[in-house]
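Q: Contents are compact mmCIF, C-alpha atoms and all ligand atoms; file name my_file-v5.txt:
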```
# COMPACT_ATOMS: atom_id res chain seq x y z
CA MET A 1 99.56 85.06 56.92
CA ASP A 2 103.34 85.11 57.46
CA ARG A 3 105.42 82.07 58.52
CA VAL A 4 105.73 83.15 62.18
CA THR A 5 101.98 83.79 62.53
CA ALA A 6 101.22 80.38 60.98
CA ALA A 7 103.60 78.67 63.45
CA VAL A 8 102.09 80.58 66.41
CA ARG A 9 98.60 79.62 65.24
CA ALA A 10 99.53 75.92 64.96
CA PHE A 11 101.06 76.04 68.44
CA TYR A 12 97.99 77.63 70.09
CA GLU A 13 95.62 75.32 68.20
CA ALA A 14 97.50 72.43 69.86
CA TYR A 15 97.47 74.21 73.24
CA PRO A 16 94.49 76.64 73.31
CA TYR A 17 95.01 79.26 76.00
CA PRO A 18 94.10 79.94 78.79
CA PRO A 19 93.98 76.64 80.68
CA GLY A 20 91.03 75.83 82.93
CA ASN A 21 87.66 77.51 83.13
CA ARG A 22 88.03 80.02 85.91
CA PRO A 23 87.74 83.56 84.52
CA ASP A 24 89.95 86.39 85.72
CA CYS A 25 88.34 89.67 84.67
CA ASP A 26 90.21 92.20 86.78
CA ALA A 27 91.66 93.85 83.69
CA TYR A 28 88.43 93.75 81.64
CA HIS A 29 86.27 96.59 83.04
CA ALA A 30 85.53 99.02 80.24
CA ARG A 31 84.30 101.94 82.37
CA LEU A 32 87.09 101.59 84.91
CA LEU A 33 89.74 101.55 82.18
CA LEU A 34 88.23 104.61 80.51
CA SER A 35 88.10 106.46 83.84
CA TYR A 36 91.92 106.70 83.70
CA ILE A 37 91.83 109.31 80.92
CA GLU A 38 89.93 112.55 80.27
CA ARG A 39 86.94 112.17 77.93
CA PRO A 40 84.55 114.86 76.70
CA ALA A 41 81.06 114.83 78.26
CA GLY A 42 78.27 112.82 76.64
CA MET A 43 80.25 109.97 75.06
CA PRO A 44 78.06 107.11 73.71
CA ARG A 45 76.37 105.05 76.37
CA GLN A 46 77.12 101.67 74.81
CA LEU A 47 80.86 101.07 74.79
CA GLN A 48 82.61 98.86 72.24
CA LEU A 49 85.32 96.61 73.59
CA LEU A 50 87.71 94.41 71.56
CA GLU A 51 89.98 91.69 72.88
CA ALA A 52 92.73 91.07 70.35
CA GLY A 53 94.06 87.54 70.88
CA CYS A 54 91.24 86.40 73.19
CA GLY A 55 92.19 82.70 73.10
CA ARG A 56 89.30 80.55 74.44
CA GLY A 57 87.42 83.73 75.40
CA ILE A 58 86.79 82.73 79.01
CA ASN A 59 87.59 86.14 80.48
CA LEU A 60 85.78 88.08 77.76
CA THR A 61 82.64 85.96 78.15
CA GLU A 62 82.56 86.62 81.89
CA ALA A 63 83.24 90.34 81.29
CA ALA A 64 80.34 90.54 78.78
CA ALA A 65 77.98 88.89 81.27
CA LEU A 66 79.01 91.39 83.98
CA GLN A 67 78.73 94.46 81.69
CA PRO A 68 75.48 93.87 79.78
CA ASP A 69 75.20 97.50 78.56
CA ASP A 70 78.38 97.24 76.48
CA ARG A 71 79.33 95.32 73.36
CA PHE A 72 82.23 92.83 73.37
CA THR A 73 84.18 91.40 70.41
CA GLY A 74 86.93 88.79 70.63
CA ILE A 75 89.32 87.90 67.83
CA ASP A 76 92.04 85.27 67.53
CA ILE A 77 93.88 83.36 64.79
CA ASN A 78 93.21 80.13 66.68
CA ARG A 79 90.24 78.33 65.07
CA VAL A 80 90.00 75.76 67.88
CA ALA A 81 89.75 78.49 70.52
CA ILE A 82 87.30 80.63 68.53
CA ASP A 83 85.03 77.64 67.84
CA GLU A 84 84.97 76.82 71.55
CA ALA A 85 84.33 80.45 72.56
CA SER A 86 81.50 80.80 70.00
CA ALA A 87 79.87 77.56 71.20
CA ASN A 88 79.99 78.86 74.80
CA ILE A 89 78.14 82.04 73.80
CA ARG A 90 75.40 79.95 72.23
CA SER A 91 74.95 78.01 75.47
CA SER A 92 75.04 81.14 77.67
CA ALA A 93 72.78 83.13 75.28
CA LEU A 94 74.78 86.36 75.64
CA ALA A 95 73.62 88.89 73.05
CA ASN A 96 76.39 91.47 73.58
CA LEU A 97 79.35 89.28 72.60
CA SER A 98 80.79 87.78 69.41
CA PHE A 99 84.01 85.97 68.49
CA HIS A 100 85.74 86.07 65.11
CA LEU A 101 88.63 84.31 63.45
CA ALA A 102 91.00 87.18 62.54
CA ASP A 103 94.68 88.07 62.43
CA LEU A 104 95.41 91.34 64.21
CA LEU A 105 98.24 91.96 61.73
CA ASP A 106 95.74 91.85 58.88
CA PRO A 107 93.32 94.81 59.17
CA ALA A 108 91.08 93.42 56.41
CA SER A 109 90.28 90.40 58.60
CA LEU A 110 89.23 92.48 61.65
CA PRO A 111 85.53 92.99 62.40
CA GLY A 112 85.51 96.81 62.38
CA VAL A 113 82.94 98.96 64.15
CA SER A 114 81.94 102.34 62.74
CA GLN A 115 83.38 104.59 65.47
CA GLY A 116 86.22 102.27 66.49
CA TYR A 117 86.63 100.48 69.82
CA ASP A 118 86.48 102.46 73.08
CA VAL A 119 88.58 99.85 74.85
CA ILE A 120 91.02 97.37 73.32
CA LEU A 121 92.55 94.64 75.44
CA SER A 122 95.48 92.51 74.37
CA TYR A 123 97.02 90.30 77.01
CA GLY A 124 99.97 88.06 76.21
CA VAL A 125 99.69 88.50 72.44
CA ILE A 126 101.85 91.34 71.07
CA HIS A 127 105.06 89.54 72.08
CA HIS A 128 104.10 86.55 69.85
CA LEU A 129 103.76 88.66 66.70
CA SER A 130 106.23 88.62 63.82
CA ASP A 131 106.03 92.43 63.89
CA PRO A 132 104.90 93.72 67.31
CA LEU A 133 105.12 97.38 66.28
CA ARG A 134 102.86 96.83 63.28
CA GLY A 135 100.45 94.91 65.53
CA LEU A 136 100.33 97.76 68.01
CA GLN A 137 99.85 100.29 65.21
CA GLN A 138 96.92 98.25 63.88
CA LEU A 139 95.32 98.25 67.32
CA THR A 140 95.87 102.00 67.66
CA GLU A 141 94.06 102.47 64.33
CA GLN A 142 91.09 100.50 65.67
CA LEU A 143 90.78 102.74 68.76
CA ALA A 144 87.82 105.13 68.95
CA PRO A 145 88.61 108.78 69.80
CA HIS A 146 89.58 108.97 73.50
CA GLY A 147 89.78 105.19 73.73
CA VAL A 148 92.24 103.17 75.80
CA LEU A 149 94.40 100.16 75.12
CA SER A 150 95.19 97.75 77.93
CA LEU A 151 98.20 95.56 77.25
CA MET A 152 100.20 92.78 78.82
CA VAL A 153 103.60 91.74 77.51
CA ASP A 154 106.28 89.56 79.06
CA GLY A 155 108.86 91.44 81.13
CA ARG A 156 112.46 90.73 80.11
CA TYR A 157 113.97 91.02 83.59
CA GLY A 158 111.18 89.04 85.26
CA ARG A 159 111.62 86.25 82.73
CA GLN A 160 115.37 85.85 83.20
CA PRO A 161 115.08 82.58 85.19
CA LEU A 162 112.74 81.17 82.53
CA ASP A 163 114.99 82.37 79.71
CA ARG A 164 117.95 80.55 81.29
CA PHE A 165 115.83 77.42 81.50
CA LEU A 166 114.80 77.80 77.84
CA GLN A 167 118.45 78.13 76.80
CA ALA A 168 119.17 74.85 78.59
CA LEU A 169 116.19 73.19 76.89
CA GLN A 170 117.36 74.45 73.50
CA MET A 171 120.77 72.77 74.06
CA VAL A 172 119.11 69.41 74.61
CA THR A 173 116.21 69.61 72.17
CA PRO A 174 115.94 72.44 69.62
CA SER A 175 112.59 74.23 69.38
CA ALA A 176 112.15 72.92 65.79
CA GLU A 177 111.49 69.48 67.35
CA GLN A 178 107.99 70.14 68.70
CA ASP A 179 106.90 66.66 69.76
CA GLY A 180 105.86 64.75 72.86
CA GLN A 181 109.48 63.84 73.55
CA ARG A 182 110.42 67.54 73.75
CA ALA A 183 107.61 68.22 76.23
CA GLU A 184 108.77 65.29 78.36
CA THR A 185 112.39 66.48 78.30
CA ALA A 186 111.25 70.00 79.20
CA ARG A 187 109.35 68.69 82.26
CA ALA A 188 112.40 66.71 83.37
CA LEU A 189 114.68 69.76 83.05
CA ALA A 190 112.08 71.94 84.80
CA ARG A 191 112.22 69.58 87.80
CA ILE A 192 115.97 70.29 88.03
CA ALA A 193 115.34 74.05 87.66
CA GLU A 194 112.93 73.95 90.64
CA LYS A 195 116.00 73.52 92.85
CA GLY A 196 118.01 75.99 90.79
CA VAL A 197 116.91 78.95 88.67
CA PHE A 198 113.21 78.66 89.57
CA HIS A 199 113.86 78.41 93.29
CA GLY A 200 112.15 81.09 95.39
CA ASN A 201 110.88 83.20 92.49
CA CYS A 202 107.68 83.52 90.48
CA TRP A 203 108.65 80.53 88.29
CA GLN A 204 108.71 78.09 91.20
CA GLY A 205 106.22 75.28 90.46
CA THR A 206 106.62 75.46 86.66
CA SER A 207 107.47 71.73 86.47
CA SER A 208 104.00 70.80 87.77
CA VAL A 209 101.65 73.28 86.02
CA ASP A 210 99.09 71.76 83.61
CA GLU A 211 99.89 70.90 80.01
CA VAL A 212 98.61 74.15 78.44
CA GLU A 213 100.31 76.46 80.93
CA PHE A 214 103.53 74.43 80.69
CA ALA A 215 103.50 74.66 76.89
CA ASP A 216 102.82 78.42 77.02
CA ARG A 217 105.81 78.95 79.32
CA CYS A 218 108.29 76.43 78.01
CA LEU A 219 107.46 75.27 74.48
CA HIS A 220 106.29 78.41 72.68
CA VAL A 221 107.48 78.90 69.10
CA HIS A 222 107.93 82.66 68.87
CA GLU A 223 108.11 85.13 71.71
CA GLN A 224 110.10 88.17 72.68
CA SER A 225 110.04 89.96 76.00
CA TYR A 226 110.37 93.66 76.84
CA ASP A 227 112.14 95.81 79.36
CA ILE A 228 110.33 98.96 80.38
CA GLU A 229 112.48 101.24 78.28
CA GLY A 230 111.84 99.12 75.17
CA LEU A 231 108.13 98.91 75.87
CA LEU A 232 107.81 102.69 76.30
CA GLN A 233 109.65 103.17 73.01
CA LEU A 234 107.33 100.70 71.28
CA LEU A 235 104.28 102.59 72.57
CA ASP A 236 105.79 105.87 71.45
CA LYS A 237 106.42 104.57 67.91
CA ALA A 238 102.80 103.37 67.73
CA GLY A 239 101.53 106.88 68.65
CA LEU A 240 100.66 105.88 72.20
CA GLN A 241 101.60 107.04 75.67
CA PHE A 242 101.81 105.15 78.95
CA ILE A 243 98.91 106.07 81.25
CA ARG A 244 99.35 103.72 84.23
CA TRP A 245 100.12 100.20 85.39
CA HIS A 246 97.26 97.83 85.92
CA GLN A 247 98.65 97.10 89.40
CA PRO A 248 100.40 100.35 90.48
CA ASP A 249 101.49 98.86 93.81
CA ASP A 250 103.89 96.58 91.94
CA TRP A 251 105.69 99.68 90.67
CA SER A 252 105.74 101.72 93.86
CA LEU A 253 108.92 102.08 95.93
CA LYS A 254 106.79 101.80 99.07
CA THR A 255 105.88 98.24 98.12
CA ILE A 256 109.45 97.03 97.86
CA CYS A 257 111.17 99.19 100.44
CA ASP A 258 110.48 100.12 104.07
CA ASP A 259 113.49 102.41 104.41
CA GLU A 260 111.83 105.86 104.58
CA ALA A 261 115.10 107.75 104.10
CA LEU A 262 115.93 105.80 100.94
CA ILE A 263 112.42 106.30 99.54
CA GLU A 264 112.80 110.04 100.21
CA ARG A 265 116.12 110.06 98.32
CA LEU A 266 114.69 108.14 95.36
CA GLN A 267 111.61 110.37 95.20
CA SER A 268 113.45 112.68 92.79
CA LEU A 269 113.75 109.98 90.10
CA GLU A 270 111.54 110.27 87.02
CA PRO A 271 108.68 107.74 87.23
CA SER A 272 110.08 105.71 84.32
CA MET A 273 113.47 105.49 86.09
CA THR A 274 111.74 104.30 89.26
CA TYR A 275 110.01 101.57 87.24
CA GLN A 276 113.31 100.57 85.63
CA LEU A 277 114.91 100.38 89.06
CA ILE A 278 112.09 98.18 90.34
CA GLU A 279 112.19 95.86 87.33
CA ARG A 280 115.87 95.21 88.07
CA LEU A 281 115.42 94.69 91.82
CA THR A 282 112.36 92.43 91.68
CA TYR A 283 110.86 89.73 89.46
CA ARG A 284 107.98 91.24 87.51
CA PRO A 285 107.30 88.63 84.82
CA LYS A 286 104.43 90.55 83.22
CA LEU A 287 104.18 94.21 82.25
CA THR A 288 100.47 95.09 82.28
CA LEU A 289 99.59 98.68 81.51
CA VAL A 290 97.01 101.06 80.13
CA ALA A 291 97.95 103.29 77.19
CA ALA A 292 96.15 105.96 75.20
CA ARG A 293 96.86 108.11 72.17
CA LYS A 294 99.47 110.80 72.76
CA GLU A 295 96.94 113.60 72.43
CA ASP A 296 94.80 112.21 75.29
CA GLN A 297 95.24 113.34 78.88
CA PRO A 298 95.53 111.21 82.00
CA ARG A 299 92.61 111.96 84.35
CA HIS A 300 93.16 114.17 87.38
CA PRO A 301 91.52 113.33 90.72
CA PRO A 302 88.43 115.43 91.55
CA SER A 303 88.74 118.48 93.79
CA ARG A 304 87.73 118.08 97.45
CA GLU A 305 84.39 119.86 96.81
CA ALA A 306 83.66 117.73 93.73
CA PHE A 307 83.94 114.58 95.83
CA LEU A 308 80.71 115.57 97.57
CA SER A 309 78.63 115.83 94.38
CA LYS A 310 80.37 113.72 91.70
CA ARG A 311 79.20 110.17 90.98
CA PHE A 312 81.48 107.34 92.12
CA CYS A 313 81.24 103.56 91.89
CA LEU A 314 82.79 100.80 93.89
CA SER A 315 85.77 99.40 92.01
CA PRO A 316 84.82 96.18 90.21
CA GLN A 317 88.31 94.99 91.22
CA LEU A 318 87.36 95.10 94.91
CA ARG A 319 85.98 92.00 96.59
CA ARG A 320 84.62 91.42 100.07
CA VAL A 321 85.46 87.93 101.29
CA THR A 322 85.55 85.97 104.53
CA ASP A 323 88.99 84.71 105.46
CA GLU A 324 89.88 81.38 107.05
CA THR A 325 89.35 82.81 110.58
CA GLY A 326 85.83 83.99 109.68
CA ASP A 327 86.80 87.70 109.47
CA THR A 328 85.58 89.97 106.67
CA VAL A 329 88.41 91.22 104.47
CA TRP A 330 88.53 93.47 101.39
CA LEU A 331 90.71 92.37 98.48
CA LEU A 332 91.72 94.78 95.74
CA ARG A 333 93.07 93.01 92.64
CA GLY A 334 93.64 90.00 94.86
CA ARG A 335 95.55 91.90 97.57
CA LYS A 336 94.28 92.32 101.11
CA LEU A 337 93.60 95.91 102.24
CA SER A 338 94.12 96.90 105.85
CA ILE A 339 90.54 97.94 106.56
CA ASP A 340 89.16 97.34 110.03
CA ALA A 341 85.93 95.33 109.73
CA GLN A 342 84.37 97.39 112.56
CA GLY A 343 85.48 100.79 111.27
CA LEU A 344 83.85 103.56 109.22
CA ALA A 345 85.78 102.69 106.04
CA HIS A 346 84.28 99.22 106.13
CA ARG A 347 80.80 100.64 106.65
CA LEU A 348 81.27 103.09 103.77
CA LEU A 349 82.40 100.29 101.45
CA THR A 350 79.50 98.10 102.54
CA ALA A 351 77.03 100.92 101.82
CA ALA A 352 78.79 101.55 98.47
CA SER A 353 78.49 97.88 97.53
CA GLN A 354 74.69 98.14 97.88
CA SER A 355 74.45 100.76 95.13
CA ASP A 356 74.37 99.64 91.48
CA SER A 357 74.13 103.05 89.87
CA GLY A 358 76.81 104.90 91.86
CA PHE A 359 76.79 107.52 94.60
CA SER A 360 78.35 110.81 95.64
CA ALA A 361 80.08 111.10 99.01
CA SER A 362 77.06 113.03 100.37
CA GLN A 363 74.62 110.33 99.22
CA LEU A 364 76.74 107.62 100.76
CA PHE A 365 76.93 109.46 104.10
CA GLN A 366 73.13 109.80 104.12
CA ARG A 367 72.85 106.04 103.77
CA LEU A 368 74.71 105.54 107.02
CA THR A 369 71.58 106.63 108.84
CA GLY A 370 71.55 106.41 112.59
CA GLU A 371 75.35 106.69 112.75
CA SER A 372 76.98 109.80 114.09
CA ILE A 373 79.66 110.61 111.53
CA GLU A 374 81.79 113.69 111.61
CA PRO A 375 81.46 115.15 108.03
CA GLN A 376 85.08 116.23 107.49
CA GLN A 377 86.47 112.96 108.84
CA ALA A 378 84.03 110.96 106.68
CA LEU A 379 85.02 112.97 103.58
CA ASN A 380 88.72 112.41 104.32
CA LEU A 381 88.03 108.71 104.54
CA PHE A 382 86.03 108.73 101.30
CA ILE A 383 88.96 110.44 99.54
CA GLN A 384 91.38 107.91 101.05
CA LEU A 385 89.23 105.06 99.68
CA TYR A 386 89.35 106.75 96.27
CA ASP A 387 93.15 107.14 96.51
CA LEU A 388 93.43 103.46 97.43
CA GLU A 389 91.37 102.73 94.26
CA CYS A 390 88.47 101.12 96.14
CA LEU A 391 86.27 103.73 94.41
CA TYR A 392 86.45 105.25 90.95
CA ALA A 393 84.64 107.99 89.06
CA PRO A 394 83.09 106.68 85.80
CA HIS A 395 82.58 109.16 82.98
CA GLU A 396 79.03 110.33 82.55
CA THR A 397 77.63 109.02 79.27
CA ASP A 398 74.91 110.25 76.97
CA ARG A 399 71.89 108.69 78.70
CA SER A 400 69.49 109.82 75.98
CA GLU A 401 70.76 107.14 73.56
C1 LIG B 501 99.02 83.49 75.57
S1 LIG B 501 97.56 83.46 74.63
C2 LIG B 501 96.61 84.71 75.46
C3 LIG B 501 95.12 84.51 75.37
C4 LIG B 501 94.30 85.52 76.20
N1 LIG B 501 94.58 86.87 75.82
C5 LIG B 501 94.55 85.33 77.67
O1 LIG B 501 95.18 86.20 78.29
O2 LIG B 501 94.13 84.31 78.22
C6 LIG B 501 98.03 84.27 73.13
C7 LIG B 501 96.89 84.29 72.10
O3 LIG B 501 97.24 85.19 71.04
C8 LIG B 501 96.76 84.64 69.83
N2 LIG B 501 97.47 85.28 68.70
C9 LIG B 501 98.78 85.21 68.41
N3 LIG B 501 99.05 85.91 67.30
C10 LIG B 501 97.87 86.46 66.89
C11 LIG B 501 97.50 87.28 65.78
N4 LIG B 501 98.40 87.66 64.85
N5 LIG B 501 96.21 87.67 65.68
C12 LIG B 501 95.29 87.27 66.59
N6 LIG B 501 95.59 86.47 67.65
C13 LIG B 501 96.87 86.07 67.79
C14 LIG B 501 97.06 83.17 70.01
O4 LIG B 501 96.36 82.36 69.09
C15 LIG B 501 96.65 82.93 71.45
O5 LIG B 501 95.31 82.56 71.58
```
Please go through the file and, once you have read it, give me the structure as structure tokens.
A:
Amino acid sequence: MDRVTAAVRAFYEAYPYPPGNRPDCDAYHARLLLSYIERPAGMPRQLQLLEAGCGRGINLTEAAALQPDDRFTGIDINRVAIDEASANIRSSALANLSFHLADLLDPASLPGVSQGYDVILSYGVIHHLSDPLRGLQQLTEQLAPHGVLSLMVDGRYGRQPLDRFLQALQMVTPSAEQDGQRAETARALARIAEKGVFHGNCWQGTSSVDEVEFADRCLHVHEQSYDIEGLLQLLDKAGLQFIRWHQPDDWSLKTICDDEALIERLQSLEPSMTYQLIERLTYRPKLTLVAARKEDQPRHPPSREAFLSKRFCLSPQLRRVTDETGDTVWLLRGRKLSIDAQGLAHRLLTAASQSDSGFSASQLFQRLTGESIEPQQALNLFIQLYDLECLYAPHETDRSE
């Protein structure tokens, strides 16, 4: 283990991440992630999923409980976190999950699986490595054919306020002095930054986050952040291509701009230029994306006819909740959708949420028995719900296994 890795390990053993016990699994759905690329028919039914740098394993444990047909493996260099994660499996009696102490830079330490991993997740890890490219190459080697890698790294532009704060902290207490006094000084400076560089942006509130989150933001020992151009180059060098953002709305001009004429003018930009424009105009502190090998193909939406017969599922990232006024609302990746709780879209989603094994558009329409629905209008709505990502089309697997 190199010097940087040893220092990162000591840091995370003192502050095992993530804080708290509330899982956030939006980026952990194996079948949804795989639906973003083309895969040949009849792939194995049981999927293998690896989280590289799983920390305390809270999200992976929840994901394994929600996806009992698939097999989950978590690795981390942090013994404290892995011991805790392993103890939690024993108490929850999950048979499809295991945690291992391993360094993702050291392939010999990784628990390999014969065909490789169909899905590899690595959130907030690559940017702590002594050699991020080598780390990404190792993960690419562990990918099964037609597998996907879902990554989160820190965004350089989005972190600018934090980086300015860290420069100030470094002037007062160098990062070599990792002690309680440094943490106290950092909190005191962060309280000043609340009225300055943190004001009104995503870093507001940093001075009062809990100890683990504060350490992760302000006291880390080795971290580098990426701009989009640099991240795309890193993927390219590792033999990977960008497939999509985890949250595409964050990278859409329509989200940041309501000037139709300007959007029209900017429409001619290459997608990567649009993203680079948005990263400069907004604060996007995290870059979370799905990548695949260069030879793989992003998936195309089904044809209009195929919508009627193909199998769809409700997105696992969609939630139906009751808001503070008692109204039903639909949240996709935490964001409210404008769906009228009396309308047909709502009724389609409600019918979809009652099906575990999936449905075609025709099957879903049949379930709305007793309602007079106009077929073309209902199909248009179904396609709109797919375009909004409320629905997705999982790959058919080899059910004979
Ligand atoms: C910010 S935490 C993220 C944890 C988890 N992925 C999450 O999102 O909650 C970074 C994790 O990466 C782990 N890590 C850093 N370098 C690693 C390496 N070379 N191999 C395996 N894990 C590593 C750390 O120990 C730590 O648990």
Q: Using only C-alpha atoms, which residues sit within 10 Å of Ala6 (chain A) once same-chain residues fewer than 5 positions away are excluded, as a compact mmCIF listing (two decimals) with C-alpha atoms, in the coordinates of the input?
A:
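New file result.txt:
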```
# COMPACT_ATOMS: atom_id res chain seq x y z
CA MET A 1 99.56 85.06 56.92
CA PHE A 11 101.06 76.04 68.44
CA ILE A 77 93.88 83.36 64.79
CA ASN A 78 93.21 80.13 66.68
```
Q: Residues near Ile256 (chain A), anyone? I mean within 9 Å using all atoms listed in the file, not counting same-chain ones fewer than 4 positions away, as a PyMOL selection string.
A: chain A and resi 250-252+278+281-282
Q: I need the residue nearest Gln247 (chain A) from this list: A:Ser309, A:Ser150, A:Ser35, A:Thr173. Use all atoms listed in the file for the distance.
A: A:Ser150
Q: Expressed in Å to a single decimal, how great is the separation between CA of Thr322 (chain A) and CA of Glu389 (chain A)?
A: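 CA of Glu389 (chain A) lies 20.5 Å from CA of Thr322 (chain A).
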Q: Hey, can I get the axis-aligned box for ligand LIG 501 (chain B)? All listed atoms, 8 Å padding on each side, centre and edge lengths in Å to one decimal, as lines of an AutoDock Vina configuration file.
A:
```
center_x = 96.6
center_y = 85.0
center_z = 71.6
size_x = 20.9
size_y = 21.3
size_z = 29.4
```
Q: Which neighbours of Asp216 (chain A) fall inside 8 Å, counting only C-alpha atoms, when residues of the same chain fewer than 4 positions from it are skipped, and could you give them as a VMD selection string?
A: chain A and resid 15 17 212 220
Q: Choose the residue, out of A:His222, A:Arg31, A:Ile37, A:Gly147, that has the smallest atom-to-atom separation from ligand LIG 501 (chain B); count all atoms listed in the file.
A: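 Under the stated criterion, the closest residue is A:His222.
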Q: List every residue of chain A that has an atom at most 8 Å from any atom of ligand LIG 501 (chain B), and for each one report the closest atom pair and its distance in Å to one decimal, counting only C-alpha atoms and all ligand atoms, with rows sorted by chain and then by increasing residue number, as CSV.
A:
```
residue,atom,partner,partner_atom,distance
A:Thr5,CA,B:LIG501,N4,5.8
A:Val8,CA,B:LIG501,C9,6.0
A:Arg9,CA,B:LIG501,O4,5.2
A:Phe11,CA,B:LIG501,O4,7.9
A:Tyr12,CA,B:LIG501,O4,5.1
A:Glu13,CA,B:LIG501,O4,7.1
A:Pro16,CA,B:LIG501,O5,6.2
A:Tyr17,CA,B:LIG501,S1,5.1
A:Pro18,CA,B:LIG501,O2,4.4
A:Glu51,CA,B:LIG501,N1,7.3
A:Ala52,CA,B:LIG501,C12,5.9
A:Gly53,CA,B:LIG501,N6,3.7
A:Cys54,CA,B:LIG501,N1,4.3
A:Gly55,CA,B:LIG501,O5,3.5
A:Arg56,CA,B:LIG501,O5,7.0
A:Gly57,CA,B:LIG501,C4,7.2
A:Ile58,CA,B:LIG501,O2,7.5
A:Asn59,CA,B:LIG501,O2,7.2
A:Ile75,CA,B:LIG501,C12,6.1
A:Asp76,CA,B:LIG501,N6,3.7
A:Ile77,CA,B:LIG501,C12,4.5
A:Asn78,CA,B:LIG501,O4,4.6
A:Ala81,CA,B:LIG501,O5,7.0
A:Leu101,CA,B:LIG501,C12,7.9
A:Ala102,CA,B:LIG501,C12,5.9
A:Asp103,CA,B:LIG501,N5,3.6
A:Leu104,CA,B:LIG501,N5,4.0
A:Leu105,CA,B:LIG501,N4,5.3
A:Asp106,CA,B:LIG501,N4,7.8
A:Ser122,CA,B:LIG501,N1,5.9
A:Tyr123,CA,B:LIG501,N1,4.4
A:Gly124,CA,B:LIG501,C1,4.7
A:Val125,CA,B:LIG501,O3,4.3
A:Ile126,CA,B:LIG501,N3,7.2
A:His128,CA,B:LIG501,C9,5.7
A:Leu129,CA,B:LIG501,N3,5.5
A:Ser130,CA,B:LIG501,N4,8.0
A:Gly135,CA,B:LIG501,N4,7.6
A:Asp216,CA,B:LIG501,C1,6.5
```
Q: With only C-alpha atoms as the basis for distance, which of A:Ala261, A:Cys25, A:Val221, A:Val148 is at the shortest distance from Glu295 (chain A)?
A: A:Val148
Q: Find the residues with any atom within 12 Å of (96.1, 103.0, 64.6); use all atoms listed in the file and the coordinates as given in the file, and write the answer as an MDAnalysis selection string.
A: chainID A and resid 104:105 107 116:117 120 133:145 147:149 235 237:240 292:294
Q: Write out, as a compact mmCIF listing (two decimals), keeping the file's coordinate frame, the residues just selected, with C-alpha atoms.
A:
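Okay, result-v4.txt is ready:
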```
# COMPACT_ATOMS: atom_id res chain seq x y z
CA LEU A 104 95.41 91.34 64.21
CA LEU A 105 98.24 91.96 61.73
CA PRO A 107 93.32 94.81 59.17
CA GLY A 116 86.22 102.27 66.49
CA TYR A 117 86.63 100.48 69.82
CA ILE A 120 91.02 97.37 73.32
CA LEU A 133 105.12 97.38 66.28
CA ARG A 134 102.86 96.83 63.28
CA GLY A 135 100.45 94.91 65.53
CA LEU A 136 100.33 97.76 68.01
CA GLN A 137 99.85 100.29 65.21
CA GLN A 138 96.92 98.25 63.88
CA LEU A 139 95.32 98.25 67.32
CA THR A 140 95.87 102.00 67.66
CA GLU A 141 94.06 102.47 64.33
CA GLN A 142 91.09 100.50 65.67
CA LEU A 143 90.78 102.74 68.76
CA ALA A 144 87.82 105.13 68.95
CA PRO A 145 88.61 108.78 69.80
CA GLY A 147 89.78 105.19 73.73
CA VAL A 148 92.24 103.17 75.80
CA LEU A 149 94.40 100.16 75.12
CA LEU A 235 104.28 102.59 72.57
CA LYS A 237 106.42 104.57 67.91
CA ALA A 238 102.80 103.37 67.73
CA GLY A 239 101.53 106.88 68.65
CA LEU A 240 100.66 105.88 72.20
CA ALA A 292 96.15 105.96 75.20
CA ARG A 293 96.86 108.11 72.17
CA LYS A 294 99.47 110.80 72.76
```
Q: Rounded to one decimal place, report the CA of Gln384 (chain A)-CA of Met152 (chain A) distance in Å.
A: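 We find that CA of Gln384 (chain A) and CA of Met152 (chain A) lie 28.3 Å from each other.
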Q: Which is closest to Pro298 (chain A) among A:Met171, A:Leu33, A:Leu49, A:Leu349, if we use all atoms listed in the file?
A: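 Among the listed residues, the smallest separation from Pro298 (chain A) belongs to A:Leu33.
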Q: Given the choices A:Arg244, A:Lys336, A:Arg156, A:His146, which gets closest to Arg39 (chain A) if the distance is worked out from all atoms listed in the file?
A: A:His146
Q: Rank A:Gln377, A:Leu262, A:Asp2, A:Arg45 by their smallest atom-to-atom distance to Asp131 (chain A), using all atoms listed in the file, and report the top residue only.
A: A:Asp2
Q: Can you tell me how far CA of Asp259 (chain A) sits from CA of Arg280 (chain A), in Å to one decimal?
A: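 Straight-line distance from CA of Asp259 (chain A) to CA of Arg280 (chain A) works out to 18.0 Å.
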Q: So which residues fall inside 8 Å of (83.2, 84.0, 63.1) if we count all atoms listed in the file? Mind giving them as a list in words?
A: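 Protein, DNA and RNA residues close to (83.2, 84.0, 63.1): Ile82, Ser86, Ser98, Phe99, His100 and Leu101 of chain A.
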Q: With only C-alpha atoms as the counted atoms, please give the residues lying no more than 12 Å from Asn380 (chain A), apart from itself and same-chain residues fewer than 5 positions off, as a list in words.
A: Arg304, Glu305, Phe307, Leu308, Leu344, Ala345, Leu348, Ala361, Ile373, Glu374, Pro375, Leu385, Tyr386 and Asp387 of chain A
Q: Export, as a tab-separated table (two decimals), keeping the file's coordinate frame, the selected residues with C-alpha atoms.
A:
```tsv
chain	number	residue	atom	x	y	z
A	304	ARG	CA	87.73	118.08	97.45
A	305	GLU	CA	84.39	119.86	96.81
A	307	PHE	CA	83.94	114.58	95.83
A	308	LEU	CA	80.71	115.57	97.57
A	344	LEU	CA	83.85	103.56	109.22
A	345	ALA	CA	85.78	102.69	106.04
A	348	LEU	CA	81.27	103.09	103.77
A	361	ALA	CA	80.08	111.10	99.01
A	373	ILE	CA	79.66	110.61	111.53
A	374	GLU	CA	81.79	113.69	111.61
A	375	PRO	CA	81.46	115.15	108.03
A	385	LEU	CA	89.23	105.06	99.68
A	386	TYR	CA	89.35	106.75	96.27
A	387	ASP	CA	93.15	107.14	96.51
```
